[in-house]
Amino acid sequence: MKILVLGSKGQLGKCLNDQLGVTHHDVVYTSRGQIDIADFEATKNKILEIAPDAVINATAFTAVDKAEEDQETANLINHLAVANIAVACNELDCWLIHISTDYVFDGSSKIPYEEYDQTNPQSVYGKTKLKGEQAIQSSGCKHIIIRTAWVFSEYGNNFLKTMLRLGAERSDLRIVGDQVGCPTYAQDIAKAIMIILDNVTSKEVSSYLYHFSGNFCWSWADFSQAIFDEALALEVIATKPNVVAITTKEFPTLAKRPAQSALSSNKIRSSFGINPSDCMLGIRSSLIAIKNGSC
Ligand SMILES: NC(=O)c1ccc[n+]([C@@H]2O[C@H](COP(=O)([O-])OP(=O)(O)OC[C@H]3O[C@@H](n4cnc5c(N)ncnc54)[C@H](OP(=O)(O)O)[C@@H]3O)[C@@H](O)[C@H]2O)c1
């Protein structure tokens, strides 16, 4: 299968390099330098020229607070450019594998969100990601959309790496304790995508949207405790900072975030046999890679 990866230098993009690199697929990795998705004509021409069987869109405007101040760019990258990619995929009759977010929900549910639950994004990031989903769904292209959450890994900028940095600088950390979600290891998202690609080549698969996230529902404060406990056990850090759970009100941000955005991964498990991401194993793997400098 010929696969085109867009956004190969991002957190998920690098994990796709790791996971797809050991398969028999013919993979073309592109970052902004080769394909700038904001340039619609050039992007469409490149996709048509490469003529892949599947495009994996790992690009996004992921700076949730910055999106509130730069709505135009967030909409361009998360919505309009995605619509353009979907048109090219439709023209080629190739699959589009696209990643979306738990922030399409408002967080008022008391139980994990299913794929059919009502969306109601509260932030520009969530709104533009939802529009991106809808553009793909109405494009007619063959697609799989994966909504995921609280992505972390050994690569890029993410909560785990921020905690390690802040923990090295301060002995006390005040971390939000009243927002709950399911941290998801980016290597597991890449593995899930590989399984889906195997399925679309070997059997009849319909276009659909799936939730895929980690197996624990934690607050940011819980997540940070798990990171520090594991980092101490693996001797990545010598001492643990004291984590104090605070409220969202005590940590105001530009973008409003859902209070509870846990995703149910039941559908992706029953359709493809993909289990939720093992969060503890993901934390351990990330920390080992960081300790060994292999990232
Ligand atoms: N991170 C999370 O916590 C989280 C949570 C839920 C869902 N998701 C979704 O998961 C997916 C992967 O996220 P991630 O964490 O891997 O994000 P990331 O590390 O921020 O990577 C995003 C990539 O998109 C690229 N990009 C942005 N604008 C571009 C453009 N105009 N042309 C080409 N490339 C462009 C960036 O390139 P540059 O480096 O050149 O800017 C970057 O490499 C995204 O769809 C995101 O919405 C993420």
# chains A, B, ... in the order shown; residues from 1 in each chain; ligands from 1
call {"tool": "residues_near_ligand", "arguments": {"ligand": "ligand 1", "cutoff": "7 Å", "atoms": "only C-alpha atoms and all ligand atoms", "output": "ChimeraX atom specification"}}
result
/A:6-13,31-32,35-38,58-62,77,98-102,129,147-152,156-158
call {"tool": "write_last_selection", "arguments": {"atoms": "C-alpha atoms", "output": "mmCIF file, in the first residue's frame"}}
result
data_model
loop_
_atom_site.group_PDB
_atom_site.id
_atom_site.type_symbol
_atom_site.label_atom_id
_atom_site.label_comp_id
_atom_site.auth_asym_id
_atom_site.auth_seq_id
_atom_site.Cartn_x
_atom_site.Cartn_y
_atom_site.Cartn_z
ATOM 1 C CA LEU A 6 1.193 14.731 6.152
ATOM 2 C CA GLY A 7 2.760 16.417 9.183
ATOM 3 C CA SER A 8 5.511 13.846 9.690
ATOM 4 C CA LYS A 9 7.532 16.060 12.069
ATOM 5 C CA GLY A 10 4.762 16.405 14.657
ATOM 6 C CA GLN A 11 4.302 14.198 17.705
ATOM 7 C CA LEU A 12 2.027 11.679 15.961
ATOM 8 C CA GLY A 13 3.939 12.083 12.701
ATOM 9 C CA SER A 31 6.320 17.860 6.679
ATOM 10 C CA ARG A 32 5.425 21.506 6.136
ATOM 11 C CA ILE A 35 3.603 19.971 1.682
ATOM 12 C CA ASP A 36 2.224 23.089 3.347
ATOM 13 C CA ILE A 37 -1.450 22.202 3.682
ATOM 14 C CA ALA A 38 -2.351 25.906 3.817
ATOM 15 C CA ALA A 58 -1.185 14.135 11.163
ATOM 16 C CA THR A 59 -1.169 17.913 10.752
ATOM 17 C CA ALA A 60 -3.173 20.274 12.926
ATOM 18 C CA PHE A 61 -3.143 23.644 14.641
ATOM 19 C CA THR A 62 -2.878 22.112 18.123
ATOM 20 C CA ILE A 77 -5.441 24.357 9.125
ATOM 21 C CA HIS A 98 -7.711 11.863 9.948
ATOM 22 C CA ILE A 99 -7.257 12.654 13.645
ATOM 23 C CA SER A 100 -9.681 14.697 15.709
ATOM 24 C CA THR A 101 -10.178 15.532 19.346
ATOM 25 C CA ASP A 102 -12.192 15.040 22.536
ATOM 26 C CA LYS A 129 -11.567 20.420 14.464
ATOM 27 C CA ARG A 147 -10.986 11.219 17.842
ATOM 28 C CA THR A 148 -8.331 10.980 20.498
ATOM 29 C CA ALA A 149 -7.355 12.844 23.648
ATOM 30 C CA TRP A 150 -4.559 14.225 25.845
ATOM 31 C CA VAL A 151 -1.839 12.913 23.494
ATOM 32 C CA PHE A 152 1.643 12.368 24.930
ATOM 33 C CA GLY A 156 7.359 17.075 20.652
ATOM 34 C CA ASN A 157 5.647 19.227 23.235
ATOM 35 C CA ASN A 158 3.164 17.537 25.506
#
call {"tool": "residues_around", "arguments": {"residues": "Val22 in chain A", "least_positions_apart": "5", "cutoff": "12 Å", "atoms": "only C-alpha atoms", "output": "ChimeraX atom specification"}}
result
/A:15-17,27,191,194
call {"tool": "write_last_selection", "arguments": {"atoms": "C-alpha atoms", "output": "PDB file, in the first residue's frame"}}
result
ATOM      1  CA  CYS A  15       5.365   7.922  15.904  1.00  0.00           C
ATOM      2  CA  LEU A  16       4.024   7.056  12.448  1.00  0.00           C
ATOM      3  CA  ASN A  17       7.641   7.080  11.237  1.00  0.00           C
ATOM      4  CA  VAL A  27       5.439   5.416   2.788  1.00  0.00           C
ATOM      5  CA  LYS A 191      -0.322   1.418  15.894  1.00  0.00           C
ATOM      6  CA  MET A 194      -1.646   0.633  11.073  1.00  0.00           C
TER       7      MET A 194
END
call {"tool": "closest_residue", "arguments": {"among": "A:Val244, A:Leu96, A:Val180, A:Ala51", "to": "Ser108 in chain A", "atoms": "only C-alpha atoms"}}
result
A:Val180
call {"tool": "residues_around", "arguments": {"residues": "Phe251 in chain A", "least_positions_apart": "5", "cutoff": "9 Å", "atoms": "only C-alpha atoms", "output": "VMD selection string"}}
result
chain A and resid 174 to 176 246
call {"tool": "write_last_selection", "arguments": {"atoms": "C-alpha atoms", "output": "JSON list (two decimals), in the first residue's frame"}}
result
[["chain", "number", "residue", "atom", "x", "y", "z"],
["A", 174, "ARG", "CA", -0.18, 23.42, 41.16],
["A", 175, "ILE", "CA", -1.96, 21.23, 38.60],
["A", 176, "VAL", "CA", -5.62, 21.30, 37.54],
["A", 246, "ILE", "CA", -6.17, 23.12, 41.95]]
call {"tool": "residues_around", "arguments": {"residues": "Ser139 in chain A", "least_positions_apart": "6", "cutoff": "8 Å", "atoms": "only C-alpha atoms", "output": "ChimeraX atom specification"}}
result
/A:83,86-87,90
call {"tool": "select_by_dssp", "arguments": {"residues": "range 64-278 of chain A", "states": "strand (DSSP E)", "output": "PyMOL selection string"}}
result
chain A and resi 95-101+143-148+151-152+172-176+180-181+184-185+208-211+218-219+242-246
call {"tool": "closest_residue", "arguments": {"among": "A:Phe223, A:Phe40, A:Tyr155, A:Phe105", "to": "Arg257 in chain A", "atoms": "only C-alpha atoms"}}
result
A:Phe105
call {"tool": "atom_distance", "arguments": {"atom1": "CA of Asn75 in chain A", "atom2": "CA of Tyr125 in chain A"}}
result
8.2 Å
call {"tool": "decode", "arguments": {"residues": "range 39-109 of chain A", "atoms": "C-alpha atoms", "output": "compact mmCIF listing (two decimals), in the first residue's frame"}}
result
# COMPACT_ATOMS: atom_id res chain seq x y z
CA ASP A 39 -1.36 26.09 0.15
CA PHE A 40 -4.45 24.39 -1.27
CA GLU A 41 -3.46 24.14 -4.91
CA ALA A 42 0.07 22.87 -4.27
CA THR A 43 -1.24 20.36 -1.67
CA LYS A 44 -3.86 18.99 -4.04
CA ASN A 45 -1.37 18.74 -6.91
CA LYS A 46 1.19 16.95 -4.70
CA ILE A 47 -1.38 14.45 -3.46
CA LEU A 48 -2.55 13.75 -7.02
CA GLU A 49 1.08 13.42 -8.17
CA ILE A 50 2.04 11.01 -5.36
CA ALA A 51 -1.24 9.12 -5.90
CA PRO A 52 -1.30 7.23 -2.58
CA ASP A 53 -3.76 4.54 -1.56
CA ALA A 54 -4.13 6.30 1.79
CA VAL A 55 -3.34 9.74 3.19
CA ILE A 56 -2.73 10.04 6.94
CA ASN A 57 -3.31 13.61 8.05
CA ALA A 58 -1.18 14.14 11.16
CA THR A 59 -1.17 17.91 10.75
CA ALA A 60 -3.17 20.27 12.93
CA PHE A 61 -3.14 23.64 14.64
CA THR A 62 -2.88 22.11 18.12
CA ALA A 63 -2.13 25.20 20.25
CA VAL A 64 -5.50 25.27 22.04
CA ASP A 65 -5.12 28.69 23.71
CA LYS A 66 -3.36 30.31 20.76
CA ALA A 67 -6.29 29.28 18.55
CA GLU A 68 -8.54 31.68 20.54
CA GLU A 69 -6.34 34.58 19.37
CA ASP A 70 -5.67 33.28 15.86
CA GLN A 71 -9.01 31.87 14.79
CA GLU A 72 -8.24 32.41 11.13
CA THR A 73 -5.17 30.16 11.09
CA ALA A 74 -6.84 27.54 13.30
CA ASN A 75 -9.78 27.43 10.87
CA LEU A 76 -7.46 27.35 7.86
CA ILE A 77 -5.44 24.36 9.12
CA ASN A 78 -8.06 22.37 11.08
CA HIS A 79 -10.98 22.94 8.72
CA LEU A 80 -10.43 24.47 5.26
CA ALA A 81 -7.15 22.69 4.50
CA VAL A 82 -8.68 19.40 5.68
CA ALA A 83 -11.60 19.93 3.30
CA ASN A 84 -9.09 20.49 0.48
CA ILE A 85 -7.23 17.25 1.35
CA ALA A 86 -10.53 15.37 1.38
CA VAL A 87 -11.38 16.66 -2.12
CA ALA A 88 -8.03 15.39 -3.43
CA CYS A 89 -8.55 12.00 -1.73
CA ASN A 90 -12.02 11.76 -3.24
CA GLU A 91 -10.61 12.49 -6.70
CA LEU A 92 -8.06 9.68 -6.24
CA ASP A 93 -10.54 7.37 -4.52
CA CYS A 94 -7.96 6.88 -1.77
CA TRP A 95 -8.52 6.58 1.99
CA LEU A 96 -8.13 9.57 4.28
CA ILE A 97 -7.16 8.76 7.86
CA HIS A 98 -7.71 11.86 9.95
CA ILE A 99 -7.26 12.65 13.64
CA SER A 100 -9.68 14.70 15.71
CA THR A 101 -10.18 15.53 19.35
CA ASP A 102 -12.19 15.04 22.54
CA TYR A 103 -12.50 18.85 22.64
CA VAL A 104 -15.45 18.60 20.20
CA PHE A 105 -17.49 17.84 23.35
CA ASP A 106 -18.54 20.31 26.03
CA GLY A 107 -17.65 18.06 28.94
CA SER A 108 -21.08 17.93 30.55
CA SER A 109 -21.42 14.13 30.27
